[in-house]
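Source file: upload_22.cif (mmCIF, C-alpha atoms)
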```cif
data_target
loop_
_atom_site.label_atom_id
_atom_site.label_comp_id
_atom_site.auth_asym_id
_atom_site.auth_seq_id
_atom_site.Cartn_x
_atom_site.Cartn_y
_atom_site.Cartn_z
CA MET A 1 18.86 -82.54 -81.20
CA LEU A 2 20.24 -79.22 -80.00
CA ALA A 3 19.86 -80.45 -76.44
CA ALA A 4 21.81 -83.61 -77.24
CA GLU A 5 24.59 -81.63 -78.91
CA TYR A 6 24.61 -79.20 -76.00
CA VAL A 7 25.17 -82.05 -73.56
CA LEU A 8 27.70 -83.75 -75.83
CA GLY A 9 29.56 -80.46 -76.19
CA THR A 10 29.45 -80.13 -79.98
CA LEU A 11 27.15 -77.13 -79.69
CA THR A 12 29.68 -74.34 -79.26
CA GLY A 13 30.23 -70.59 -79.34
CA GLN A 14 27.30 -68.26 -79.97
CA ALA A 15 24.89 -71.11 -80.62
CA ARG A 16 25.75 -72.59 -77.23
CA ALA A 17 25.32 -69.23 -75.54
CA ARG A 18 21.92 -68.79 -77.22
CA PHE A 19 20.89 -72.27 -76.11
CA GLU A 20 21.92 -71.52 -72.53
CA ARG A 21 19.68 -68.47 -72.56
CA LEU A 22 16.79 -70.60 -73.81
CA LEU A 23 17.53 -73.13 -71.10
CA GLU A 24 17.07 -70.44 -68.52
CA GLU A 25 13.49 -69.83 -69.62
CA ASP A 26 12.29 -73.19 -70.89
CA ARG A 27 11.53 -75.88 -68.37
CA ARG A 28 10.76 -78.52 -70.98
CA LEU A 29 14.07 -77.89 -72.63
CA ARG A 30 15.79 -78.39 -69.30
CA ALA A 31 14.04 -81.75 -69.05
CA VAL A 32 15.34 -82.77 -72.48
CA VAL A 33 18.85 -81.73 -71.44
CA ALA A 34 18.44 -83.81 -68.30
CA TYR A 35 17.40 -86.77 -70.46
CA TRP A 36 20.58 -86.55 -72.51
CA GLU A 37 22.75 -85.97 -69.46
CA SER A 38 21.34 -89.22 -68.09
CA ARG A 39 21.89 -91.19 -71.28
CA LEU A 40 25.28 -89.84 -72.28
CA GLY A 41 26.36 -89.84 -68.65
CA GLN A 42 26.48 -93.63 -68.88
CA LEU A 43 29.59 -93.19 -71.01
CA GLY A 44 31.24 -91.41 -68.11
CA LEU A 45 30.41 -94.31 -65.82
CA ASP A 46 32.02 -96.68 -68.27
CA LEU A 47 35.52 -95.48 -67.42
CA THR A 48 37.66 -97.31 -64.89
CA PRO A 49 37.55 -95.23 -61.71
CA VAL A 50 40.80 -93.61 -60.54
CA ALA A 51 41.36 -92.68 -56.92
CA PRO A 52 42.19 -88.99 -56.64
CA PRO A 53 45.14 -87.91 -54.48
CA ASP A 54 44.49 -87.34 -50.77
CA SER A 55 45.61 -83.76 -51.23
CA ALA A 56 42.49 -83.09 -53.32
CA TRP A 57 40.14 -83.97 -50.48
CA GLN A 58 42.25 -82.08 -47.99
CA ALA A 59 42.03 -78.96 -50.14
CA ILE A 60 38.29 -79.36 -50.57
CA GLU A 61 37.82 -79.88 -46.85
CA ARG A 62 39.84 -76.81 -46.04
CA ARG A 63 37.73 -74.68 -48.28
CA VAL A 64 34.32 -75.94 -47.28
CA GLY A 65 35.35 -76.17 -43.65
CA ARG A 66 35.15 -72.46 -43.18
CA VAL A 67 31.90 -72.01 -44.98
CA PRO A 68 28.45 -73.08 -43.91
CA ALA A 69 26.33 -74.51 -46.72
CA ALA A 70 25.09 -71.64 -48.91
CA GLU A 71 22.84 -69.51 -46.77
CA ARG A 72 19.22 -70.09 -47.58
CA PRO A 73 17.58 -67.08 -49.17
CA VAL A 74 14.80 -65.40 -47.23
CA GLN A 75 11.52 -66.92 -48.38
CA ARG A 76 9.67 -64.14 -50.09
CA PRO A 77 6.85 -64.00 -52.59
CA ALA A 78 7.92 -63.71 -56.23
CA GLY A 79 9.89 -60.51 -56.51
CA ARG A 80 9.52 -57.58 -58.83
CA ALA A 81 11.17 -57.94 -62.22
CA TYR A 82 14.82 -57.02 -62.08
CA PRO A 83 16.01 -54.83 -64.93
CA PRO A 84 18.31 -57.01 -67.03
CA LEU A 85 21.08 -55.33 -68.94
CA ARG A 86 20.60 -55.44 -72.68
CA GLY A 87 21.09 -58.97 -73.99
CA ARG A 88 24.30 -60.86 -74.04
CA LEU A 89 26.44 -57.98 -75.25
CA GLY A 90 25.00 -55.92 -72.46
CA PHE A 91 26.60 -58.29 -70.03
CA TRP A 92 30.02 -57.53 -71.39
CA ARG A 93 29.42 -53.80 -71.58
CA ALA A 94 28.25 -53.92 -68.01
CA TRP A 95 31.74 -54.86 -66.96
CA ALA A 96 32.88 -51.44 -68.07
CA ALA A 97 30.53 -49.63 -65.71
CA ALA A 98 32.04 -48.89 -62.31
CA ALA A 99 30.51 -46.67 -59.67
CA THR A 100 33.81 -45.81 -58.07
CA ALA A 101 32.66 -42.60 -56.41
CA ALA A 102 29.73 -44.39 -54.85
CA CYS A 103 32.00 -47.20 -53.75
CA LEU A 104 34.39 -44.89 -51.96
CA ALA A 105 31.61 -42.98 -50.25
CA LEU A 106 30.14 -46.21 -49.01
CA ALA A 107 33.53 -47.51 -47.98
CA ILE A 108 33.97 -44.55 -45.67
CA ALA A 109 30.49 -44.98 -44.27
CA PHE A 110 31.05 -48.69 -43.94
CA TRP A 111 34.08 -48.46 -41.70
CA ALA A 112 31.87 -46.87 -39.09
CA VAL A 113 30.03 -50.19 -38.77
CA PRO A 114 31.87 -52.42 -36.30
CA ALA A 115 30.65 -55.76 -37.67
CA PHE A 116 33.90 -56.68 -39.40
CA THR A 117 37.15 -56.93 -37.47
CA PRO A 118 39.51 -55.22 -39.88
CA GLN A 119 42.84 -56.98 -40.23
CA ALA A 120 44.95 -53.96 -39.52
CA ALA A 121 47.79 -52.76 -41.74
CA ARG A 122 47.43 -55.62 -44.20
CA THR A 123 46.79 -54.98 -47.86
CA HIS A 124 43.37 -56.24 -48.70
CA TYR A 125 40.70 -55.71 -51.28
CA MET A 126 37.14 -54.64 -51.18
CA SER A 127 34.25 -54.44 -53.56
CA VAL A 128 30.83 -52.99 -52.97
CA MET A 129 28.03 -54.53 -54.97
CA ASP A 130 25.16 -52.15 -55.16
CA MET A 131 21.82 -52.41 -56.83
CA PRO A 132 20.50 -50.38 -59.75
CA ARG A 133 18.81 -47.85 -57.48
CA GLY A 134 22.08 -47.12 -55.73
CA GLN A 135 21.15 -48.71 -52.42
CA ALA A 136 24.21 -50.69 -51.39
CA GLN A 137 23.63 -54.32 -50.61
CA TRP A 138 26.88 -56.21 -50.18
CA VAL A 139 30.40 -55.45 -49.15
CA ILE A 140 32.96 -58.05 -50.08
CA MET A 141 36.38 -58.22 -48.49
CA PHE A 142 39.30 -60.27 -49.65
CA TYR A 143 42.62 -60.91 -47.89
CA PRO A 144 45.40 -62.16 -50.17
CA GLY A 145 46.57 -65.63 -49.29
CA GLU A 146 43.12 -66.81 -48.35
CA SER A 147 40.77 -68.65 -50.65
CA ARG A 148 37.61 -67.13 -49.25
CA LEU A 149 35.67 -63.91 -49.30
CA GLN A 150 34.11 -62.13 -46.38
CA VAL A 151 30.66 -60.96 -47.37
CA LYS A 152 28.37 -58.65 -45.51
CA THR A 153 24.91 -57.51 -46.52
CA ILE A 154 24.33 -54.01 -45.28
CA SER A 155 20.87 -53.24 -46.45
CA THR A 156 17.50 -54.85 -46.99
CA PRO A 157 17.92 -58.35 -48.37
CA TYR A 158 17.46 -58.45 -52.12
CA ASN A 159 14.00 -59.56 -53.17
CA LEU A 160 14.80 -62.71 -55.09
CA PRO A 161 12.25 -65.13 -56.56
CA GLU A 162 12.25 -68.54 -54.90
CA ASN A 163 13.66 -70.39 -57.87
CA ARG A 164 16.60 -68.06 -58.29
CA SER A 165 20.02 -67.51 -56.76
CA LEU A 166 22.44 -64.63 -56.98
CA GLU A 167 25.78 -65.71 -58.33
CA LEU A 168 28.97 -63.70 -57.90
CA TRP A 169 31.46 -63.54 -60.76
CA LEU A 170 35.02 -62.36 -61.17
CA LEU A 171 36.47 -61.22 -64.47
CA PRO A 172 40.23 -61.69 -64.21
CA PRO A 173 42.28 -59.33 -66.35
CA GLY A 174 42.92 -60.55 -69.86
CA GLN A 175 40.31 -63.28 -69.68
CA LYS A 176 37.09 -63.28 -71.63
CA LYS A 177 35.16 -65.61 -69.40
CA PRO A 178 34.07 -64.76 -65.90
CA MET A 179 34.80 -67.14 -63.02
CA SER A 180 32.13 -68.03 -60.55
CA LEU A 181 32.89 -67.12 -56.95
CA GLY A 182 29.75 -68.79 -55.65
CA MET A 183 26.29 -67.88 -54.43
CA MET A 184 25.69 -64.67 -52.54
CA PRO A 185 23.90 -64.87 -49.25
CA GLN A 186 20.92 -62.58 -49.28
CA SER A 187 21.25 -61.48 -45.69
CA GLY A 188 23.68 -61.43 -42.81
CA SER A 189 27.41 -61.88 -43.14
CA GLY A 190 29.65 -64.83 -43.64
CA TRP A 191 32.38 -66.41 -45.65
CA MET A 192 32.30 -67.66 -49.20
CA SER A 193 34.92 -70.13 -50.32
CA MET A 194 36.24 -69.82 -53.83
CA PRO A 195 38.64 -71.67 -56.14
CA SER A 196 42.29 -70.77 -55.58
CA ALA A 197 42.55 -69.77 -59.24
CA ALA A 198 40.02 -67.05 -58.50
CA ALA A 199 41.85 -66.04 -55.34
CA ASP A 200 45.02 -65.57 -57.36
CA SER A 201 43.17 -63.32 -59.79
CA ILE A 202 41.71 -60.82 -57.35
CA GLY A 203 43.42 -57.46 -57.37
CA ALA A 204 42.78 -53.77 -57.77
CA HIS A 205 40.56 -52.83 -60.72
CA VAL A 206 39.50 -56.42 -61.37
CA LYS A 207 35.76 -56.50 -61.85
CA MET A 208 33.02 -58.39 -60.10
CA ALA A 209 29.42 -58.87 -61.11
CA LEU A 210 26.25 -60.34 -59.73
CA SER A 211 23.81 -62.18 -61.93
CA VAL A 212 20.46 -63.78 -61.28
CA GLU A 213 20.67 -67.48 -62.08
CA PRO A 214 18.53 -70.55 -61.58
CA LYS A 215 18.48 -71.81 -58.02
CA GLY A 216 21.89 -73.07 -57.04
CA GLY A 217 23.67 -71.13 -59.76
CA SER A 218 24.17 -71.36 -63.47
CA PRO A 219 24.25 -75.01 -64.48
CA THR A 220 26.76 -74.24 -67.17
CA GLY A 221 29.48 -72.58 -65.13
CA GLN A 222 29.04 -69.38 -67.08
CA PRO A 223 26.47 -66.68 -66.44
CA ILE A 224 23.22 -67.23 -68.29
CA GLY A 225 20.99 -64.86 -66.36
CA PRO A 226 20.82 -61.05 -66.26
CA VAL A 227 23.53 -59.04 -64.53
CA VAL A 228 22.11 -56.86 -61.77
CA SER A 229 25.23 -55.35 -60.31
CA THR A 230 28.85 -54.76 -61.20
CA ALA A 231 31.74 -53.30 -59.25
CA GLN A 232 35.46 -52.82 -59.37
CA VAL A 233 37.67 -54.27 -56.71
CA ILE A 234 39.48 -51.58 -54.74
CA GLN A 235 42.75 -52.04 -52.92
CA MET A 236 42.66 -50.97 -49.31
CA GLN A 237 45.85 -49.81 -47.56
CA MET B 1 8.90 -93.89 -56.90
CA LYS B 2 12.24 -95.63 -56.37
CA ALA B 3 13.68 -95.83 -52.88
CA PRO B 4 16.44 -93.23 -52.56
CA THR B 5 19.95 -94.60 -52.93
CA PRO B 6 22.69 -93.63 -50.46
CA LEU B 7 24.01 -91.08 -52.95
CA GLY B 8 20.67 -89.31 -53.03
CA ASP B 9 20.51 -89.22 -49.23
CA TRP B 10 24.07 -87.96 -48.94
CA LEU B 11 23.44 -85.27 -51.51
CA ALA B 12 20.33 -84.11 -49.69
CA ALA B 13 22.24 -84.07 -46.39
CA THR B 14 25.08 -82.16 -48.07
CA SER B 15 22.62 -79.47 -49.09
CA ARG B 16 21.83 -79.08 -45.39
CA GLY B 17 25.50 -78.57 -44.59
CA ASP B 18 26.21 -82.11 -43.39
CA ARG B 19 29.96 -82.43 -43.93
CA ARG B 20 30.08 -86.08 -43.02
CA ALA B 21 27.55 -86.90 -45.72
CA PHE B 22 29.54 -84.74 -48.13
CA SER B 23 32.72 -86.69 -47.39
CA ARG B 24 30.88 -89.97 -47.96
CA LEU B 25 29.51 -88.64 -51.21
CA TYR B 26 33.01 -87.61 -52.24
CA LYS B 27 34.51 -90.96 -51.34
CA ALA B 28 31.90 -92.86 -53.32
CA THR B 29 31.84 -90.68 -56.41
CA SER B 30 35.16 -88.87 -56.84
CA PRO B 31 37.01 -91.78 -58.50
CA TYR B 32 34.46 -91.67 -61.33
CA LEU B 33 34.60 -87.93 -61.76
CA TYR B 34 38.38 -87.98 -61.49
CA ALA B 35 38.61 -90.68 -64.16
CA LEU B 36 36.49 -88.57 -66.49
CA LEU B 37 38.49 -85.42 -65.82
CA LEU B 38 41.78 -87.24 -66.42
CA ARG B 39 40.42 -88.71 -69.61
CA MET B 40 39.22 -85.41 -70.97
CA LEU B 41 41.93 -83.07 -69.69
CA LYS B 42 44.90 -85.43 -70.02
CA HIS B 43 46.74 -83.43 -67.41
CA ARG B 44 46.95 -84.57 -63.83
CA GLY B 45 47.45 -81.13 -62.30
CA LEU B 46 44.52 -79.72 -64.23
CA ALA B 47 42.36 -82.72 -63.31
CA ASP B 48 43.28 -82.30 -59.63
CA GLU B 49 42.40 -78.62 -59.66
CA SER B 50 39.18 -79.24 -61.58
CA LEU B 51 38.12 -82.00 -59.21
CA GLN B 52 38.40 -79.57 -56.31
CA GLU B 53 36.44 -76.91 -58.15
CA VAL B 54 33.75 -79.43 -59.04
CA TYR B 55 33.24 -80.63 -55.48
CA ILE B 56 33.24 -77.10 -54.09
CA ARG B 57 30.50 -76.47 -56.59
CA VAL B 58 28.70 -79.62 -55.48
CA TRP B 59 28.92 -78.39 -51.88
CA GLN B 60 27.50 -75.02 -52.79
CA LYS B 61 24.85 -76.22 -55.21
CA ALA B 62 23.66 -79.47 -53.63
CA GLU B 63 20.35 -77.80 -52.96
CA SER B 64 19.72 -77.37 -56.66
CA TYR B 65 19.80 -81.11 -57.38
CA ASP B 66 16.39 -82.31 -58.53
CA PRO B 67 15.85 -86.11 -58.43
CA GLU B 68 13.38 -85.85 -61.29
CA ARG B 69 16.17 -84.75 -63.58
CA GLY B 70 18.29 -87.86 -63.14
CA ALA B 71 20.37 -89.94 -60.77
CA PRO B 72 22.79 -88.19 -58.39
CA MET B 73 25.73 -89.76 -60.20
CA THR B 74 24.56 -88.29 -63.49
CA TRP B 75 24.25 -84.86 -61.93
CA LEU B 76 27.74 -85.06 -60.47
CA LEU B 77 29.27 -86.32 -63.70
CA SER B 78 27.60 -83.52 -65.65
CA ILE B 79 29.11 -80.86 -63.44
CA ALA B 80 32.54 -82.39 -63.97
CA ARG B 81 32.02 -82.80 -67.68
CA TYR B 82 30.81 -79.26 -68.34
CA ARG B 83 33.78 -77.98 -66.38
CA ALA B 84 36.17 -80.08 -68.47
CA LEU B 85 34.47 -78.94 -71.69
CA ASP B 86 34.90 -75.36 -70.60
CA LEU B 87 38.61 -75.83 -70.04
CA ILE B 88 39.02 -77.69 -73.31
CA ARG B 89 37.30 -74.89 -75.21
CA GLN B 90 39.71 -72.39 -73.72
CA ARG B 91 42.71 -74.18 -75.15
CA SER B 92 43.85 -73.63 -78.73
CA GLY B 93 41.77 -75.17 -81.49
CA PRO B 94 42.26 -77.89 -84.08
CA GLU B 95 46.05 -77.82 -83.98
CA THR B 96 45.91 -79.33 -80.53
CA ALA B 97 43.72 -82.09 -81.85
CA ALA B 98 46.28 -82.89 -84.53
CA ASP B 99 49.02 -83.15 -81.92
CA GLY B 100 46.73 -85.06 -79.65
CA PRO B 101 47.32 -88.57 -78.40
CA MET B 102 47.31 -91.30 -81.00
CA GLU B 103 44.11 -92.90 -79.90
CA SER B 104 43.80 -96.42 -81.12
CA VAL B 105 40.43 -97.48 -82.39
CA ALA B 106 40.20 -99.84 -79.44
CA LEU B 107 39.71 -96.90 -77.11
CA TYR B 108 36.52 -96.08 -78.90
CA GLU B 109 35.18 -99.52 -78.41
CA LEU B 110 33.16 -99.57 -75.28
CA ALA B 111 34.47 -101.29 -72.22
CA GLY B 112 32.13 -104.11 -71.26
CA SER B 113 32.18 -103.72 -67.51
CA LEU B 114 30.12 -101.39 -65.41
CA HIS B 115 31.44 -99.73 -62.28
CA ASP B 116 28.38 -97.91 -61.10
CA PRO B 117 28.68 -97.33 -57.34
CA GLU B 118 24.95 -97.47 -56.98
CA SER B 119 24.82 -101.03 -58.41
CA ASP B 120 21.34 -100.28 -59.48
CA ALA B 121 19.71 -102.91 -61.70
CA GLY B 122 18.00 -100.18 -63.66
CA THR B 123 21.29 -98.44 -64.37
CA LEU B 124 23.03 -101.65 -65.45
CA GLU B 125 20.31 -102.16 -67.96
CA SER B 126 20.67 -98.57 -69.16
CA LEU B 127 24.34 -98.95 -69.91
CA GLN B 128 23.72 -102.20 -71.77
CA ASN B 129 21.05 -100.49 -73.83
CA LEU B 130 23.37 -97.62 -74.62
CA GLN B 131 26.14 -99.99 -75.66
CA ASN B 132 23.78 -101.91 -77.90
CA CYS B 133 22.42 -98.76 -79.45
CA LEU B 134 25.90 -97.34 -80.07
CA GLU B 135 26.89 -100.61 -81.72
CA ALA B 136 23.98 -100.12 -84.09
CA LEU B 137 25.39 -96.85 -85.41
CA SER B 138 27.79 -96.60 -88.31
CA GLU B 139 31.45 -96.61 -87.31
CA GLU B 140 31.84 -92.92 -88.18
CA GLN B 141 28.76 -91.93 -86.22
CA ARG B 142 29.87 -93.93 -83.20
CA LYS B 143 33.44 -92.68 -83.32
CA SER B 144 32.35 -89.06 -83.66
CA ILE B 145 30.03 -89.26 -80.69
CA LEU B 146 32.50 -91.11 -78.47
CA MET B 147 35.34 -88.77 -79.33
CA ALA B 148 33.15 -85.77 -78.68
CA TYR B 149 32.22 -87.23 -75.32
CA TYR B 150 35.60 -88.46 -74.11
CA GLU B 151 37.89 -85.95 -75.79
CA GLY B 152 35.58 -82.97 -75.82
CA TYR B 153 36.26 -82.44 -79.51
CA SER B 154 34.30 -79.79 -81.34
CA HIS B 155 32.98 -80.40 -84.88
CA SER B 156 36.06 -78.81 -86.43
CA GLU B 157 38.41 -80.82 -84.23
CA LEU B 158 36.58 -84.00 -85.19
CA ALA B 159 36.83 -83.06 -88.87
CA GLU B 160 40.56 -82.51 -88.48
CA PHE B 161 41.17 -85.70 -86.53
CA LEU B 162 38.97 -87.93 -88.66
CA GLY B 163 40.09 -86.31 -91.90
CA ALA B 164 36.58 -85.54 -93.12
CA PRO B 165 34.77 -82.38 -94.25
CA LEU B 166 33.12 -80.32 -91.55
CA GLY B 167 29.63 -80.81 -92.97
CA THR B 168 30.08 -84.56 -93.07
CA VAL B 169 31.18 -84.68 -89.45
CA LYS B 170 28.27 -82.53 -88.34
CA SER B 171 25.84 -84.91 -89.96
CA TRP B 172 27.59 -87.94 -88.43
CA VAL B 173 27.06 -86.45 -85.00
CA ARG B 174 23.50 -85.30 -85.63
CA ARG B 175 22.36 -88.49 -87.33
CA GLY B 176 24.18 -90.59 -84.78
CA LEU B 177 22.37 -88.85 -81.92
CA GLN B 178 19.03 -89.13 -83.68
CA ARG B 179 19.49 -92.86 -84.22
CA LEU B 180 20.66 -93.28 -80.65
CA ARG B 181 17.54 -91.61 -79.39
CA GLN B 182 15.29 -93.74 -81.61
CA CYS B 183 17.06 -96.86 -80.43
CA LEU B 184 16.85 -95.94 -76.74
CA GLU B 185 13.16 -95.05 -76.88
CA PRO B 186 11.57 -97.38 -79.42
#
```

Turn this file's structure into structure tokens for me.
Amino acid sequence: MLAAEYVLGTLTGQARARFERLLEEDRRLRAVVAYWESRLGQLGLDLTPVAPPDSAWQAIERRVGRVPAAERPVQRPAGRAYPPLRGRLGFWRAWAAAATAACLALAIAFWAVPAFTPQAARTHYMSVMDMPRGQAQWVIMFYPGESRLQVKTISTPYNLPENRSLELWLLPPGQKKPMSLGMMPQSGSGWMSMPSAAADSIGAHVKMALSVEPKGGSPTGQPIGPVVSTAQVIQMQ
Amino acid sequence: MKAPTPLGDWLAATSRGDRRAFSRLYKATSPYLYALLLRMLKHRGLADESLQEVYIRVWQKAESYDPERGAPMTWLLSIARYRALDLIRQRSGPETAADGPMESVALYELAGSLHDPESDAGTLESLQNLQNCLEALSEEQRKSILMAYYEGYSHSELAEFLGAPLGTVKSWVRRGLQRLRQCLEP
């Protein structure tokens, strides 16, 4: 019945978090959750539909318009085990770790690469997500006023198992729960759209993290997989 | 295996970046998701914002939809519902429930009509079964489950609203779900 209460929403707090971790590992449990989502979902269908405002679709279209569908990960054989940070608490402690020196060094090196067209003389933000061995993987740029991130992979694509995705998270100041910014492309460069609430929260010293989630991202909207990288956002200019 | 419905096709096409399919999917399904978000969040601005977040998520995660796990509509509704639950949990606790809308009992009676966009005979039957099985529960069990679903109430909020001890409410929910399951799968 835990699965039913999870779907209903009466499973809360630590118990819910524990269940989400189990869900990550247990395929049969996911099937039971799917069963209850199907059954209880009928209650959702029972409501009289309400047309949303046109502005909602326009906003959605604007955001997805700039972004191709999430870039497909390079098909690779099952990757080596990633080192997860210690348990659930480890996730939160991981936020405190920031390789600022490494970030700055890479930032300087990065500007030598002409792939991005820097938007000159405009305050913007950058974060460098690097992997445990210190080999930088992604540079993320954000320009205030936009609801998208510019992402560039600058090293070998991360070796991700086929049934996994890398999800990018933002921890806005004063909030306990991270916000999802979407799935990271594993190679190349491109744009990621993000909710405007997240865009409003990006600033210097705000933290970002990458976690390994089930394919397509955490089904719960909160990270349930291990964190493999964290970084602080740095203000440029 | 059932023939794929339009929603399934549109979702698959969306995962390949087909924006036209995505807009068709949105048009067909958003009124249902929006209705659920309005119902749960009770705040138009919040529902509007959440609807956008949900469909951005649908756009990004369409690839992760697995037909074996349920109908497309179920998948979409779940994304919306978990998002609403998340927002509800972030608000203040039981005091909000006490100030909450004066829901008349009638709201926790089930509406008879079905608005499923897929108009699938199988789904019509499912809703009827669910309605019958919910009717078979005790009033407290049914009310607890429906309020948890539509209001996103936690156990303690249910206890506060229904004026019952926490332990009692927990067993209403648990027993209610058990009986529901037994009824649905005899």

Per residue of chain B within 6 Å of chain A, what are the shortest atom pair and its distance in Å to one decimal, counting all atoms listed in the file, with rows by chain and residue number, as JSON lines?
```
{"residue": "B:Gly17", "atom": "CA", "partner": "A:Ala69", "partner_atom": "CA", "distance": 4.7}
{"residue": "B:Pro31", "atom": "CA", "partner": "A:Val50", "partner_atom": "CA", "distance": 4.7}
{"residue": "B:Tyr32", "atom": "CA", "partner": "A:Pro49", "partner_atom": "CA", "distance": 4.7}
{"residue": "B:Ala35", "atom": "CA", "partner": "A:Val50", "partner_atom": "CA", "distance": 5.1}
{"residue": "B:Gln52", "atom": "CA", "partner": "A:Ile60", "partner_atom": "CA", "distance": 5.7}
{"residue": "B:Gln60", "atom": "CA", "partner": "A:Ala70", "partner_atom": "CA", "distance": 5.7}
{"residue": "B:Lys61", "atom": "CA", "partner": "A:Gly216", "partner_atom": "CA", "distance": 4.7}
{"residue": "B:Ser64", "atom": "CA", "partner": "A:Gly216", "partner_atom": "CA", "distance": 4.8}
{"residue": "B:Arg69", "atom": "CA", "partner": "A:Ala34", "partner_atom": "CA", "distance": 5.3}
{"residue": "B:Gly70", "atom": "CA", "partner": "A:Ser38", "partner_atom": "CA", "distance": 6.0}
{"residue": "B:Thr74", "atom": "CA", "partner": "A:Gly41", "partner_atom": "CA", "distance": 5.7}
{"residue": "B:Leu114", "atom": "CA", "partner": "A:Asp46", "partner_atom": "CA", "distance": 5.8}
{"residue": "B:Leu127", "atom": "CA", "partner": "A:Gln42", "partner_atom": "CA", "distance": 5.8}
{"residue": "B:Tyr149", "atom": "CA", "partner": "A:Leu8", "partner_atom": "CA", "distance": 5.7}
{"residue": "B:Ser154", "atom": "CA", "partner": "A:Thr10", "partner_atom": "CA", "distance": 5.0}
```

Query raised in the report: Using all atoms listed in the file, which residue out of A:Pro185, A:Met179, A:Ser211, A:Ala15 lies closest to Ala198 in chain A?
Result: A:Met179

Query raised in the report: If the PyMOL selection byres ((chain A and resi 18) around 12) is run on the structure shown, which residues does it catch, given as a list of chain:residue names?
Result: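 This file, filtered by the PyMOL selection byres ((chain A and resi 18) around 12), leaves A:Leu2, A:Ala3, A:Tyr6, A:Leu11, A:Thr12, A:Gly13, A:Gln14, A:Ala15, A:Arg16, A:Ala17, A:Phe19, A:Glu20, A:Arg21, A:Leu22, A:Leu23, A:Glu24, A:Glu25, A:Gly87, A:Arg88, A:Leu89, A:Pro223, A:Ile224, A:Gly225.
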
With C-alpha atoms retained, could you export that selection as a short mmCIF file (atom, residue, chain, number, x, y, z; two decimals), in the frame of the given file?
```cif
data_model
loop_
_atom_site.label_atom_id
_atom_site.label_comp_id
_atom_site.auth_asym_id
_atom_site.auth_seq_id
_atom_site.Cartn_x
_atom_site.Cartn_y
_atom_site.Cartn_z
CA LEU A 2 20.24 -79.22 -80.00
CA ALA A 3 19.86 -80.45 -76.44
CA TYR A 6 24.61 -79.20 -76.00
CA LEU A 11 27.15 -77.13 -79.69
CA THR A 12 29.68 -74.34 -79.26
CA GLY A 13 30.23 -70.59 -79.34
CA GLN A 14 27.30 -68.26 -79.97
CA ALA A 15 24.89 -71.11 -80.62
CA ARG A 16 25.75 -72.59 -77.23
CA ALA A 17 25.32 -69.23 -75.54
CA PHE A 19 20.89 -72.27 -76.11
CA GLU A 20 21.92 -71.52 -72.53
CA ARG A 21 19.68 -68.47 -72.56
CA LEU A 22 16.79 -70.60 -73.81
CA LEU A 23 17.53 -73.13 -71.10
CA GLU A 24 17.07 -70.44 -68.52
CA GLU A 25 13.49 -69.83 -69.62
CA GLY A 87 21.09 -58.97 -73.99
CA ARG A 88 24.30 -60.86 -74.04
CA LEU A 89 26.44 -57.98 -75.25
CA PRO A 223 26.47 -66.68 -66.44
CA ILE A 224 23.22 -67.23 -68.29
CA GLY A 225 20.99 -64.86 -66.36
#
```

Query raised in the report: What is the distance between CA of Leu149 in chain A and CA of Val227 in chain A, in Å to one decimal?
Result: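 Computing it gives 20.1 Å between the two atoms.
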
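Candidate residues A:Tyr143, A:Glu213, A:Asp26, A:Asp54 were compared for distance to Leu166 in chain A, and the nearest is A:Glu213, using all atoms listed in the file.
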
Query - Ground truth for the PyMOL selection byres ((chain B and resi 156) around 12), written as a VMD selection string - result: (chain A and resid 10 to 12) or (chain B and resid 89 93 to 98 144 148 152 to 155 157 to 170 173)

Query raised in the report: Do you know which residues the PyMOL selection byres ((chain A and resi 139) around 6) returns on this file, as a PyMOL selection string?
Result: chain A and resi 127-128+138+140+151-152

Requested in this report: Find the spatial neighbours of Leu184 in chain B, counting all atoms listed in the file, within a cut-off of 8 Å - ignore same-chain residues fewer than 6 positions away - and output them as a list in words.
Outcome: Asn129, Leu130 and Cys133 of chain B

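The space between CA of Pro172 in chain A and CA of Gln150 in chain A spans 18.9 Å.
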
Report task. Can you work out the spacing between CA of Leu180 in chain B and CA of Gly8 in chain B in Å, to one decimal? Result ->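 Those two atoms sit 27.9 Å apart.
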
**Report entry** Distance criterion (only C-alpha atoms): nearest to Leu37 in chain B out of B:Leu7, B:Leu137, B:Ala13, B:Leu51
**Finding:**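 Closest to Leu37 in chain B of all the choices is B:Leu51.
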
Query - Nearest to Gln90 in chain B by atom-to-atom distance, counting only C-alpha atoms, from B:Arg174, B:Ser23, B:Leu41, B:Glu135 - result: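 For Gln90 in chain B, the nearest of the given residues is B:Leu41.
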
Requested in this report: Determine the nearest neighbour of Thr230 in chain A from the options A:Glu146, A:Glu162, A:Asp130, A:Glu167, counting only C-alpha atoms.
Outcome: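 Counting only C-alpha atoms, the residue closest to Thr230 in chain A is A:Asp130.
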
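Among the candidates A:Arg62, A:Gly190, A:Leu168, A:Val212, the residue lying nearest to Arg19 in chain B is A:Arg62 (atoms considered: only C-alpha atoms).
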
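Residues with any atom within 12 Å of Leu46 in chain B, counting only C-alpha atoms and excluding same-chain neighbours fewer than 3 positions away, are Ala56 and Ala197 of chain A; Tyr34, Leu37, Leu38, Arg39, Met40, Leu41, Lys42, His43, Glu49, Ser50, Leu51, Gln52, Glu53, Val54, Arg83, Ala84, Leu87 and Ile88 of chain B.
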